[in-house]
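Novice: Right, I'll just put the structure down here and ask away after.
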Amino acid sequence: MRITQLRNATIIVHTGRYNILVDPMLAAKDALPALRLLDGRRLRNPLVELPRSANAALEGVTHCLITHCQKGHFDHLDRAGKHWLRERQVPVICTPHDAGHLRQRGLNVQPLTADPVQPFLAGTIRTVRCAHGRGLVGKLMEHGVGYFLEMPGEPSLYLSGDTVLTDEVRQFVRRHQPQVCVVPAGGARFDLGGEIIMGVDEVLEFARIAQGTVVANHLEALSHCPVGRRELRDAAEQAELAGPVLIPRDGEVMTFEALMRPAVSAQRQATQSPGLTVPNWRRPSPSHG
Ligand SMILES: [Zn+2]
């Protein structure tokens with residue numbers, strides 16, 4: 001299995017003959033509004049362009065997965081993303097909750113059912129509830145889902161979606177121990193209220209619970225995500241978690257091999273930044289269960 005990090009939450013999962021685009025935000029730099037209005041800067045979004053390799057990577061897309069998209073969450077499906085999907089009539093897999101919304105926009109929607117586990121391509125998929133913030137902010141947010149994909153001969157993959165680290169997420173990870181987890185690490189927040197996705201501390205806690213690789217994204221692409229790659233890298237090194245926590249650059253392709261558990265292995269293949277290290281794999285430690 002390979003994962004191409006495009007930008008923010010937008011990735012492509014390459015598994016078997018399928019190339020699954022996740023949460024496409026395809027807008028040009030600055031094409032989308034500011035997400036913080038009171039910070040004195042009002043930076044427009046996204047902060048960066050898609051990587052140069054994006055067009056070629058998008059060519060091969062066969063399916064699309066949406067974690068959430070309503071109530072203004074354009075960083076998971078923006079106008080450019082909708083246009084791109086509509087033109088090609090790419091099958092869009094989503095929750096029953098988002099199906100009507102996406103169908104109205106002319107997309108080729110193939111909603112999941114309410115079943116906890118269901119067939120998906122060559123394998124299975126299950127949804128895991130997200131909490132897109134806590135307290136009052138949490139009440140106002142659209143809470144999507146994460147997806148857990150199990151494909152034959154491939155490492156199991158948990159795409160957490162936009163969530164803070166909840167007990168439900170912790171329990172899910174402990175129970176299923178996905179071999180690869182993709183989590184939002186930007187520490188996003190609005191002008192008021194707390195974090196609405198994981199920040200440095202929660203990503204590190206997640207990485208202590210998870211025995212597999214943790215891929216951190218949602219970094220350096222949106223104006224309300226203060227966490228930078230360098231900061232997360234330094235914190236992971238300090239916590240001796242630099243092996244399992246991967247922080248891809250936009251355009252980077254990561255390759256993961258399914259081996260007998262728990263010896264998952266991965267190899268990084270840099271398209272834009274050669275010379276990245278191959279992560280060291282931790283053996284699961286009983287103290288982290
Ligand atoms: Zn997001």
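Just so we're on the same page: first chain in the structure tokens is A, next is B, and so on; residues restart at 1 for each chain, and ligands are numbered from 1 in the order they show up.
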What lies within 9 Å of Gly123 of chain A using only C-alpha atoms, ignoring chain neighbours under 4 positions off, as a PyMOL selection string?
Specialist: chain A and resi 118-119+149-152
Novice: Near segment 228-236 of chain A, counting only C-alpha atoms, which residues have an atom at most 12 Å away, once you skip same-chain residues fewer than 3 positions from it, shown as an MDAnalysis selection string?
Specialist: chainID A and resid 8 184:188 198:208 214:225 239:250
Novice: Produce a file of the selected residues containing N, CA and C atoms, as a tab-separated table (two decimals), in the first residue's frame.
Specialist:
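Final output, saved to selection.tsv:
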chain	number	residue	atom	x	y	z
A	8	ASN	N	-2.73	19.06	3.38
A	8	ASN	CA	-3.69	19.05	4.47
A	8	ASN	C	-4.26	17.64	4.67
A	184	PRO	N	-4.98	13.93	12.09
A	184	PRO	CA	-4.84	15.37	11.84
A	184	PRO	C	-4.09	16.03	12.98
A	185	ALA	N	-2.92	16.59	12.69
A	185	ALA	CA	-2.02	17.03	13.75
A	185	ALA	C	-1.90	18.54	13.88
A	186	GLY	N	-2.71	19.28	13.15
A	186	GLY	CA	-2.48	20.73	13.06
A	186	GLY	C	-2.87	21.55	14.26
A	187	GLY	N	-3.56	20.92	15.25
A	187	GLY	CA	-3.99	21.69	16.42
A	187	GLY	C	-4.92	22.84	16.06
A	188	ALA	N	-5.78	22.60	15.08
A	188	ALA	CA	-6.64	23.68	14.56
A	188	ALA	C	-7.56	24.23	15.64
A	198	MET	N	-6.46	17.01	16.63
A	198	MET	CA	-5.32	16.76	17.52
A	198	MET	C	-4.25	17.83	17.31
A	199	GLY	N	-3.51	18.08	18.37
A	199	GLY	CA	-2.32	18.90	18.29
A	199	GLY	C	-1.13	18.04	18.66
A	200	VAL	N	-0.01	18.66	18.99
A	200	VAL	CA	1.22	17.90	19.26
A	200	VAL	C	1.01	16.87	20.36
A	201	ASP	N	0.46	17.29	21.50
A	201	ASP	CA	0.35	16.38	22.64
A	201	ASP	C	-0.53	15.18	22.33
A	202	GLU	N	-1.65	15.42	21.67
A	202	GLU	CA	-2.56	14.30	21.38
A	202	GLU	C	-1.99	13.36	20.33
A	203	VAL	N	-1.25	13.90	19.38
A	203	VAL	CA	-0.62	13.02	18.39
A	203	VAL	C	0.40	12.11	19.08
A	204	LEU	N	1.15	12.68	20.02
A	204	LEU	CA	2.14	11.86	20.73
A	204	LEU	C	1.46	10.82	21.61
A	205	GLU	N	0.37	11.22	22.26
A	205	GLU	CA	-0.35	10.23	23.06
A	205	GLU	C	-0.91	9.12	22.16
A	206	PHE	N	-1.45	9.54	21.03
A	206	PHE	CA	-1.96	8.56	20.06
A	206	PHE	C	-0.84	7.58	19.67
A	207	ALA	N	0.34	8.14	19.41
A	207	ALA	CA	1.46	7.30	18.95
A	207	ALA	C	1.94	6.36	20.05
A	208	ARG	N	1.69	6.72	21.31
A	208	ARG	CA	2.06	5.80	22.39
A	208	ARG	C	1.08	4.64	22.47
A	214	VAL	N	2.15	6.10	12.62
A	214	VAL	CA	1.21	7.21	12.69
A	214	VAL	C	1.65	8.27	11.70
A	215	VAL	N	0.82	8.52	10.71
A	215	VAL	CA	1.12	9.55	9.70
A	215	VAL	C	0.38	10.81	10.12
A	216	ALA	N	1.13	11.89	10.32
A	216	ALA	CA	0.52	13.14	10.77
A	216	ALA	C	0.34	14.08	9.58
A	217	ASN	N	-0.90	14.51	9.36
A	217	ASN	CA	-1.10	15.51	8.31
A	217	ASN	C	-1.94	16.66	8.86
A	218	HIS	N	-2.57	17.44	7.95
A	218	HIS	CA	-3.27	18.64	8.40
A	218	HIS	C	-2.25	19.66	8.91
A	219	LEU	N	-1.10	19.75	8.25
A	219	LEU	CA	-0.01	20.63	8.72
A	219	LEU	C	0.36	21.67	7.66
A	220	GLU	N	0.51	22.90	8.11
A	220	GLU	CA	1.09	23.98	7.30
A	220	GLU	C	0.33	24.26	6.00
A	221	ALA	N	-0.98	24.03	6.01
A	221	ALA	CA	-1.76	24.31	4.81
A	221	ALA	C	-2.96	25.19	5.07
A	222	LEU	N	-3.37	25.32	6.35
A	222	LEU	CA	-4.55	26.12	6.68
A	222	LEU	C	-4.19	27.12	7.78
A	223	SER	N	-4.85	28.27	7.72
A	223	SER	CA	-4.46	29.37	8.60
A	223	SER	C	-4.83	29.15	10.06
A	224	HIS	N	-5.72	28.20	10.34
A	224	HIS	CA	-6.09	27.99	11.75
A	224	HIS	C	-5.41	26.75	12.33
A	225	CYS	N	-4.39	26.25	11.65
A	225	CYS	CA	-3.61	25.11	12.15
A	225	CYS	C	-2.20	25.59	12.51
A	239	ALA	N	10.18	12.86	22.57
A	239	ALA	CA	9.38	11.81	23.21
A	239	ALA	C	9.80	10.40	22.75
A	240	GLU	N	10.88	10.35	21.97
A	240	GLU	CA	11.37	9.08	21.41
A	240	GLU	C	10.29	8.38	20.59
A	241	LEU	N	9.56	9.19	19.84
A	241	LEU	CA	8.52	8.66	18.97
A	241	LEU	C	8.78	9.03	17.51
A	242	ALA	N	10.00	9.45	17.22
A	242	ALA	CA	10.31	9.90	15.85
A	242	ALA	C	10.25	8.74	14.86
A	243	GLY	N	10.41	7.49	15.34
A	243	GLY	CA	10.32	6.33	14.45
A	243	GLY	C	8.91	6.11	13.94
A	244	PRO	N	7.95	5.92	14.84
A	244	PRO	CA	6.60	5.63	14.40
A	244	PRO	C	5.81	6.82	13.86
A	245	VAL	N	6.24	8.05	14.16
A	245	VAL	CA	5.46	9.20	13.68
A	245	VAL	C	6.07	9.72	12.37
A	246	LEU	N	5.36	9.57	11.29
A	246	LEU	CA	5.81	10.08	10.00
A	246	LEU	C	5.14	11.42	9.73
A	247	ILE	N	5.91	12.37	9.24
A	247	ILE	CA	5.37	13.70	8.96
A	247	ILE	C	5.68	14.02	7.50
A	248	PRO	N	4.83	13.57	6.60
A	248	PRO	CA	5.16	13.71	5.17
A	248	PRO	C	5.08	15.16	4.69
A	249	ARG	N	5.93	15.47	3.74
A	249	ARG	CA	5.79	16.73	3.02
A	249	ARG	C	4.68	16.57	1.99
A	250	ASP	N	4.14	17.68	1.53
A	250	ASP	CA	3.15	17.60	0.46
A	250	ASP	C	3.84	17.03	-0.78
Novice: For ligand 1, collect every residue having any atom at a distance of at most 7 Å from a ligand atom (counting only C-alpha atoms and all ligand atoms); output as a PyMOL selection string.
Specialist: chain A and resi 9+73+75-76+162+218
Novice: For segment 33-36 of chain A, work out the shell of residues within 7 Å, counting only C-alpha atoms and skipping chain neighbours fewer than 5 positions away, then give it as a list in words.
Specialist: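 Listed by chain and then number, they are Arg42, Leu43, Arg44, Asn45, Phe190, Asp191, Ser223 and His224 of chain A.
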Novice: Can you work out which one of A:Gln179, A:Thr213, A:Thr10, A:Thr163 has the shortest atom-to-atom distance to Phe74 of chain A, counting only C-alpha atoms?
Specialist: A:Thr10
Novice: Using DSSP on the backbone coordinates, identify the residues of segment 84-127 of chain A assigned to helix (DSSP H, G or I); present them as a PyMOL selection string.
Specialist: chain A and resi 84-88+96-103
Novice: Residues at most 6 Å from segment 77-81 of chain A, counting only C-alpha atoms, excluding those fewer than 6 positions away in the same chain, as a PyMOL selection string?
Specialist: chain A and resi 23-27+69
Novice: Give me the residues near Pro91 of chain A as number ranges by chain, where near means some atom within 9 Å (using only C-alpha atoms) and where sequence neighbours in that chain fewer than 5 positions away do not count.
Specialist: A: 62-65, 85, 107-110
Novice: Could you take the residues named above and write them with C-alpha atoms, as a PDB file, in the first residue's frame?
Specialist:
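Final output, saved to part.pdb:
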ATOM      1  CA  THR A  62     -10.573   5.396  -9.037  1.00  0.00           C
ATOM      2  CA  HIS A  63     -12.637   6.227  -5.924  1.00  0.00           C
ATOM      3  CA  CYS A  64     -13.121   8.981  -3.388  1.00  0.00           C
ATOM      4  CA  LEU A  65     -13.754   8.762   0.351  1.00  0.00           C
ATOM      5  CA  LEU A  85     -15.249  14.642  -8.903  1.00  0.00           C
ATOM      6  CA  LEU A 107     -21.596  13.667  -7.514  1.00  0.00           C
ATOM      7  CA  ASN A 108     -21.660   9.931  -8.160  1.00  0.00           C
ATOM      8  CA  VAL A 109     -22.464   8.990  -4.572  1.00  0.00           C
ATOM      9  CA  GLN A 110     -22.182   5.447  -3.254  1.00  0.00           C
TER      10      GLN A 110
END
Novice: Apply DSSP to the structure's backbone, then extract all residues of segment 15-260 of chain A labelled strand (DSSP E) and return them as a PyMOL selection string.
Specialist: chain A and resi 15+18-22+63-65+91-93+108-109+117-120+123-129+145-150+157-159+180-184+213-217+245-246+253-257
Novice: As a PyMOL selection string, please: the residues near Gly251 of chain A (cut-off 6 Å, only C-alpha atoms, same-chain neighbours under 5 positions excluded).
Specialist: chain A and resi 5-6+51
Novice: With only C-alpha atoms as the atoms that count, which of A:Ile125, A:Met141, A:Val173, A:Ala210 lies nearest to Gly193 of chain A?
Specialist: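 Answer, going by the shortest atom-to-atom distance: A:Met141.
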